[in-house]
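This is target-v5.cif (mmCIF, C-alpha atoms).
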data_my_file
loop_
_atom_site.label_atom_id
_atom_site.label_comp_id
_atom_site.auth_asym_id
_atom_site.auth_seq_id
_atom_site.Cartn_x
_atom_site.Cartn_y
_atom_site.Cartn_z
CA MET A 1 17.70 -9.63 0.28
CA LYS A 2 20.87 -9.30 -1.83
CA ARG A 3 18.71 -8.52 -4.85
CA LEU A 4 16.92 -5.72 -2.95
CA SER A 5 20.24 -4.21 -1.86
CA ALA A 6 21.53 -4.32 -5.42
CA ILE A 7 18.39 -2.59 -6.73
CA LEU A 8 18.71 0.16 -4.13
CA MET A 9 22.37 0.73 -4.95
CA LEU A 10 21.61 0.91 -8.69
CA MET A 11 18.85 3.45 -8.08
CA LEU A 12 21.14 5.61 -5.96
CA CYS A 13 23.94 5.44 -8.52
CA PHE A 14 21.51 6.32 -11.33
CA ALA A 15 20.01 9.23 -9.40
CA PHE A 16 23.33 10.82 -8.55
CA SER A 17 25.07 10.11 -11.85
CA MET A 18 22.31 11.93 -13.76
CA SER A 19 23.35 15.12 -12.02
CA ALA A 20 25.48 17.17 -14.43
CA GLU A 21 26.91 19.48 -11.76
CA THR A 22 29.77 18.50 -9.49
CA LYS A 23 28.25 19.67 -6.20
CA PHE A 24 26.33 17.02 -4.30
CA ILE A 25 24.12 19.27 -2.20
CA GLU A 26 23.26 22.63 -3.71
CA GLN A 27 21.52 25.71 -2.48
CA PRO A 28 17.83 25.02 -3.13
CA LEU A 29 16.03 27.05 -5.75
CA ARG A 30 12.81 28.76 -4.81
CA VAL A 31 10.02 26.41 -5.87
CA GLN A 32 6.23 26.42 -5.88
CA ARG A 33 4.91 25.85 -2.38
CA PHE A 34 2.48 23.01 -3.05
CA GLU A 35 2.81 19.90 -5.16
CA GLY A 36 1.05 16.61 -5.48
CA GLY A 37 0.99 13.53 -7.58
CA LEU A 38 0.03 9.96 -8.24
CA LYS A 39 2.26 6.90 -8.11
CA PHE A 40 1.91 3.29 -9.20
CA GLY A 41 4.19 0.52 -8.03
CA LEU A 42 5.00 -3.15 -7.76
CA GLY A 43 6.73 -4.86 -4.91
CA VAL A 44 7.70 -7.99 -3.09
CA PRO A 45 7.39 -8.87 0.60
CA PHE A 46 10.57 -9.51 2.56
CA ALA A 47 8.96 -10.48 5.86
CA ALA A 48 5.68 -12.33 6.29
CA PRO A 49 3.60 -13.72 9.14
CA GLN A 50 4.42 -17.27 10.19
CA GLY A 51 3.12 -19.83 7.69
CA TRP A 52 2.34 -17.32 4.92
CA LYS A 53 4.04 -16.95 1.57
CA PRO A 54 3.32 -14.44 -1.20
CA ASP A 55 1.28 -15.70 -4.14
CA PHE A 56 2.65 -13.00 -6.47
CA ASN A 57 3.96 -9.44 -6.39
CA PHE A 58 2.09 -6.72 -4.58
CA GLY A 59 0.69 -3.60 -6.23
CA GLU A 60 0.21 -0.06 -4.98
CA LEU A 61 -1.59 3.12 -5.96
CA GLY A 62 -0.72 6.27 -4.05
CA LEU A 63 -1.71 9.93 -3.85
CA GLU A 64 0.71 12.45 -2.30
CA LEU A 65 0.23 16.08 -1.36
CA ARG A 66 3.39 17.94 -0.29
CA TYR A 67 4.31 21.41 1.00
CA ASN A 68 7.76 22.79 0.08
CA PHE A 69 9.24 24.92 2.86
CA LYS A 70 10.50 28.31 1.64
CA ASP A 71 14.22 28.48 0.79
CA THR A 72 14.96 25.03 2.22
CA PRO A 73 15.38 21.58 0.63
CA TRP A 74 12.67 20.11 2.91
CA ASP A 75 9.09 19.21 2.13
CA ALA A 76 6.35 17.59 4.21
CA GLY A 77 2.99 16.18 3.35
CA ILE A 78 0.46 13.39 3.44
CA LEU A 79 0.30 10.11 1.54
CA PHE A 80 -2.77 7.98 0.91
CA MET A 81 -1.87 4.49 -0.30
CA LEU A 82 -3.90 1.52 -1.53
CA GLN A 83 -2.04 -1.79 -1.69
CA ASP A 84 -3.23 -5.08 -3.16
CA HIS A 85 -1.77 -8.38 -1.95
CA HIS A 86 -2.32 -12.11 -2.36
CA TRP A 87 -1.00 -14.81 0.01
CA LYS A 88 -1.05 -18.58 0.33
CA MET A 89 -1.03 -20.39 3.64
CA GLU A 90 1.08 -23.50 4.19
CA ASP A 91 -2.08 -25.61 3.79
CA GLY A 92 -2.62 -24.10 0.29
CA GLU A 93 -5.53 -21.87 1.23
CA GLY A 94 -5.36 -18.48 -0.47
CA TYR A 95 -5.90 -15.02 0.98
CA SER A 96 -6.39 -11.81 -0.97
CA GLY A 97 -6.75 -8.40 0.50
CA GLY A 98 -5.79 -4.81 0.41
CA ASN A 99 -4.42 -2.17 2.69
CA CYS A 100 -5.39 1.46 2.92
CA ASN A 101 -2.62 3.55 4.51
CA ALA A 102 -2.80 7.18 5.64
CA MET A 103 0.70 8.52 6.31
CA LEU A 104 2.60 11.70 7.16
CA LEU A 105 5.82 12.15 5.18
CA GLY A 106 8.92 14.30 4.96
CA ASP A 107 11.59 14.45 2.26
CA TYR A 108 15.00 16.07 1.86
CA ASN A 109 15.64 17.21 -1.73
CA PHE A 110 19.32 17.19 -2.66
CA ARG A 111 18.87 19.40 -5.76
CA GLN A 112 15.59 21.19 -5.05
CA GLY A 113 14.20 22.87 -8.17
CA ARG A 114 16.73 21.31 -10.59
CA LYS A 115 15.82 19.07 -13.55
CA VAL A 116 17.26 16.06 -11.73
CA ASN A 117 16.42 16.07 -8.02
CA PRO A 118 17.37 13.04 -5.89
CA TYR A 119 15.53 12.87 -2.58
CA ALA A 120 15.35 10.76 0.56
CA GLY A 121 12.53 10.68 3.03
CA PHE A 122 10.46 8.92 5.61
CA ALA A 123 6.73 8.35 6.08
CA ILE A 124 4.87 7.03 9.08
CA GLY A 125 1.20 6.28 9.43
CA TRP A 126 -1.59 3.84 10.02
CA ASP A 127 -3.00 0.96 8.01
CA ILE A 128 -6.72 1.62 8.31
CA ASN A 129 -7.85 -1.89 7.31
CA ASP A 130 -5.57 -3.92 9.58
CA SER A 131 -5.11 -1.41 12.44
CA GLN A 132 -1.33 -1.45 12.38
CA LEU A 133 1.52 1.04 12.39
CA VAL A 134 3.44 1.40 9.10
CA ALA A 135 6.82 3.13 8.63
CA ALA A 136 8.29 3.76 5.20
CA PRO A 137 11.86 4.96 4.51
CA ARG A 138 12.21 5.91 0.83
CA ILE A 139 14.65 7.20 -1.77
CA GLY A 140 13.96 8.41 -5.25
CA VAL A 141 14.60 10.89 -8.00
CA GLU A 142 12.37 13.50 -9.61
CA ILE A 143 13.23 14.13 -13.26
CA PHE A 144 12.21 17.24 -15.23
CA HIS A 145 10.03 18.42 -12.29
CA HIS A 146 7.30 15.88 -13.10
CA ILE A 147 8.49 12.25 -13.30
CA ARG A 148 9.19 10.51 -9.99
CA ILE A 149 10.87 7.11 -9.58
CA GLU A 150 11.02 5.80 -6.04
CA SER A 151 11.91 2.79 -3.93
CA THR A 152 10.24 2.34 -0.55
CA PHE A 153 10.41 -0.17 2.29
CA TYR A 154 7.02 -0.51 4.01
CA LEU A 155 7.75 -1.80 7.50
CA SER A 156 4.65 -3.13 9.22
CA SER A 157 4.09 -3.68 12.91
CA HIS A 158 1.95 -6.78 12.41
CA TYR A 159 1.59 -8.19 8.89
CA ALA A 160 4.10 -8.43 6.07
CA SER A 161 6.74 -5.84 5.35
CA MET A 162 7.47 -5.17 1.69
CA PHE A 163 9.77 -3.46 -0.78
CA MET A 164 8.12 -1.42 -3.56
CA ILE A 165 9.40 0.31 -6.67
CA SER A 166 7.05 2.93 -8.02
CA ALA A 167 6.81 5.48 -10.80
CA GLY A 168 4.62 8.51 -10.72
CA PHE A 169 3.79 11.95 -11.95
CA ALA A 170 4.08 15.17 -9.91
CA ILE A 171 2.24 18.43 -10.47
CA GLY A 172 3.65 21.62 -8.96
CA GLY A 173 6.97 22.03 -7.19
CA ARG A 174 8.70 23.56 -10.21
CA PRO A 175 11.01 26.55 -9.81
CA ARG A 176 9.14 29.78 -9.23
CA THR A 177 9.61 32.60 -11.69
CA MET A 178 10.94 35.69 -9.98
CA LYS A 179 9.05 38.90 -10.73
#
Please render this file's structure as structure tokens.
Amino acid sequence: MKRLSAILMLMLCFAFSMSAETKFIEQPLRVQRFEGGLKFGLGVPFAAPQGWKPDFNFGELGLELRYNFKDTPWDAGILFMLQDHHWKMEDGEGYSGGNCNAMLLGDYNFRQGRKVNPYAGFAIGWDINDSQLVAAPRIGVEIFHHIRIESTFYLSSHYASMFMISAGFAIGGRPRTMK
């Protein structure tokens, strides 16, 4: 758990130190209304069902579609996530599986429309395969309007909860040109 806290702190420090301006929260720039993207990540579980232990790191593949609210730093959208996981029981028997999550999300962008845009958000949804509720607080940074680096805690109501670090590519959401 100390390692996870250290990783989160380093990501926050990196995201905010990359900002060249002295203001922390700035007036958002007008950006394109819709954006979307793909993300790929690796993670580790930090809570597991009784008698289970992870066999190796988990993987994720996600698709996000977001709507940027006009003249605000807020966006909202949907997230579709596929996760791959492998477990071993105490008796040595292995278990492999995957989750398919459909989630609603919302983010606050601290420097909306800038080349370095730290954000924090929250997603909540349903794991379709295992019929369980999943909540996901997340922080990240979008660099040059396209590259997204993110850390997310997936908190599950039944099976394992996990910490993921992902990298992705966003399309849209750049500053709008005024005519």
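Against the coordinates shown, the PyMOL selection byres ((chain A and resi 101) around 6) returns Phe80, Met81, Cys100, Ala102, Trp126, Asp127 and Ile128 of chain A.
Shortest separation to Pro73 of chain A among A:Ile124, A:Leu42, A:Met103, A:Val31 occurs at residue A:Val31, atoms counted being all atoms listed in the file.
Applied to the file shown here, the PyMOL selection byres ((chain A and resi 27) around 9) selects the residues Ile25, Glu26, Pro28, Leu29, Asp71, Thr72, Pro73, Phe110, Arg111 and Gln112 of chain A.
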Find the smallest box with edges along x, y and z containing every listed atom of segment 141-155 of chain A, then add 5 Å on each side and report centre and edge lengths in Å to one decimal, as lines of an AutoDock Vina configuration file.
center_x = 10.8
center_y = 8.3
center_z = -3.9
size_x = 17.6
size_y = 30.2
size_z = 32.7
Under the PyMOL selection byres ((chain A and resi 148-153) around 7), which residues of this model are included? Write them out as a tab-separated table (two decimals) with C-alpha atoms, in the coordinates of the input.
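result.tsv was written with the following content:
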chain	number	residue	atom	x	y	z
A	136	ALA	CA	8.29	3.76	5.20
A	137	PRO	CA	11.86	4.96	4.51
A	138	ARG	CA	12.21	5.91	0.83
A	139	ILE	CA	14.65	7.20	-1.77
A	140	GLY	CA	13.96	8.41	-5.25
A	141	VAL	CA	14.60	10.89	-8.00
A	142	GLU	CA	12.37	13.50	-9.61
A	143	ILE	CA	13.23	14.13	-13.26
A	146	HIS	CA	7.30	15.88	-13.10
A	147	ILE	CA	8.49	12.25	-13.30
A	154	TYR	CA	7.02	-0.51	4.01
A	155	LEU	CA	7.75	-1.80	7.50
A	162	MET	CA	7.47	-5.17	1.69
A	163	PHE	CA	9.77	-3.46	-0.78
A	164	MET	CA	8.12	-1.42	-3.56
A	165	ILE	CA	9.40	0.31	-6.67
A	166	SER	CA	7.05	2.93	-8.02
A	167	ALA	CA	6.81	5.48	-10.80
A	168	GLY	CA	4.62	8.51	-10.72
A	169	PHE	CA	3.79	11.95	-11.95
A	170	ALA	CA	4.08	15.17	-9.91
_I'd like the interatomic distance between atom CA of Glu35 of chain A and atom CA of His85 of chain A, to a tenth of an Å._
28.8 Å
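Straight-line separation from atom CA of Pro175 of chain A to atom CA of His145 of chain A: 8.6 Å.
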_Best match for closeness to Gly62 of chain A among A:Asn99, A:Met89, A:Phe46, A:Ala76, counting all atoms listed in the file_ = A:Asn99
*Distance atom CA of Phe122 of chain A-atom CA of Phe34 of chain A, one decimal place?*
18.4 Å
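The neighbours of Phe58 of chain A here are the residues that come within 8 Å of it, using all atoms listed in the file and leaving out any residue fewer than 4 positions away in the same chain; they are Leu42, Gly43, Val44, Pro45, Gln83, Asp84, His85 and His86 of chain A.
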Resulting file, chosen residues, C-alpha atoms, as a compact mmCIF listing (two decimals), in the frame of the given file:
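The resulting file, part.txt, is reproduced below:
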# COMPACT_ATOMS: atom_id res chain seq x y z
CA LEU A 42 5.00 -3.15 -7.76
CA GLY A 43 6.73 -4.86 -4.91
CA VAL A 44 7.70 -7.99 -3.09
CA PRO A 45 7.39 -8.87 0.60
CA GLN A 83 -2.04 -1.79 -1.69
CA ASP A 84 -3.23 -5.08 -3.16
CA HIS A 85 -1.77 -8.38 -1.95
CA HIS A 86 -2.32 -12.11 -2.36
_So that I can check the surroundings of Ala123 of chain A, please list as a list in words every protein, DNA and RNA residue that reaches within 9 Å of it, counting all atoms listed in the file and ignoring chain neighbours fewer than 2 positions away._
Ile78, Leu79, Met103, Leu104, Leu105, Gly106, Asp107, Gly121, Gly125, Val134, Ala135, Ala136, Pro137 and Arg138 of chain A
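For the residues A:Gly172, A:Lys88, A:Asp130, A:Tyr108, ranking by smallest atom-to-atom distance to Ser156 of chain A using all atoms listed in the file places A:Asp130 first.
If only C-alpha atoms are the atoms counted, then among A:Gly77, A:Gly92, A:Gly113, A:Gly36 the closest residue to Ile171 of chain A is A:Gly36.
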*Nearest to Arg30 of chain A: which of A:His158, A:Arg174, A:Gly98, A:Asn129 is it, counting all atoms listed in the file?*
A:Arg174
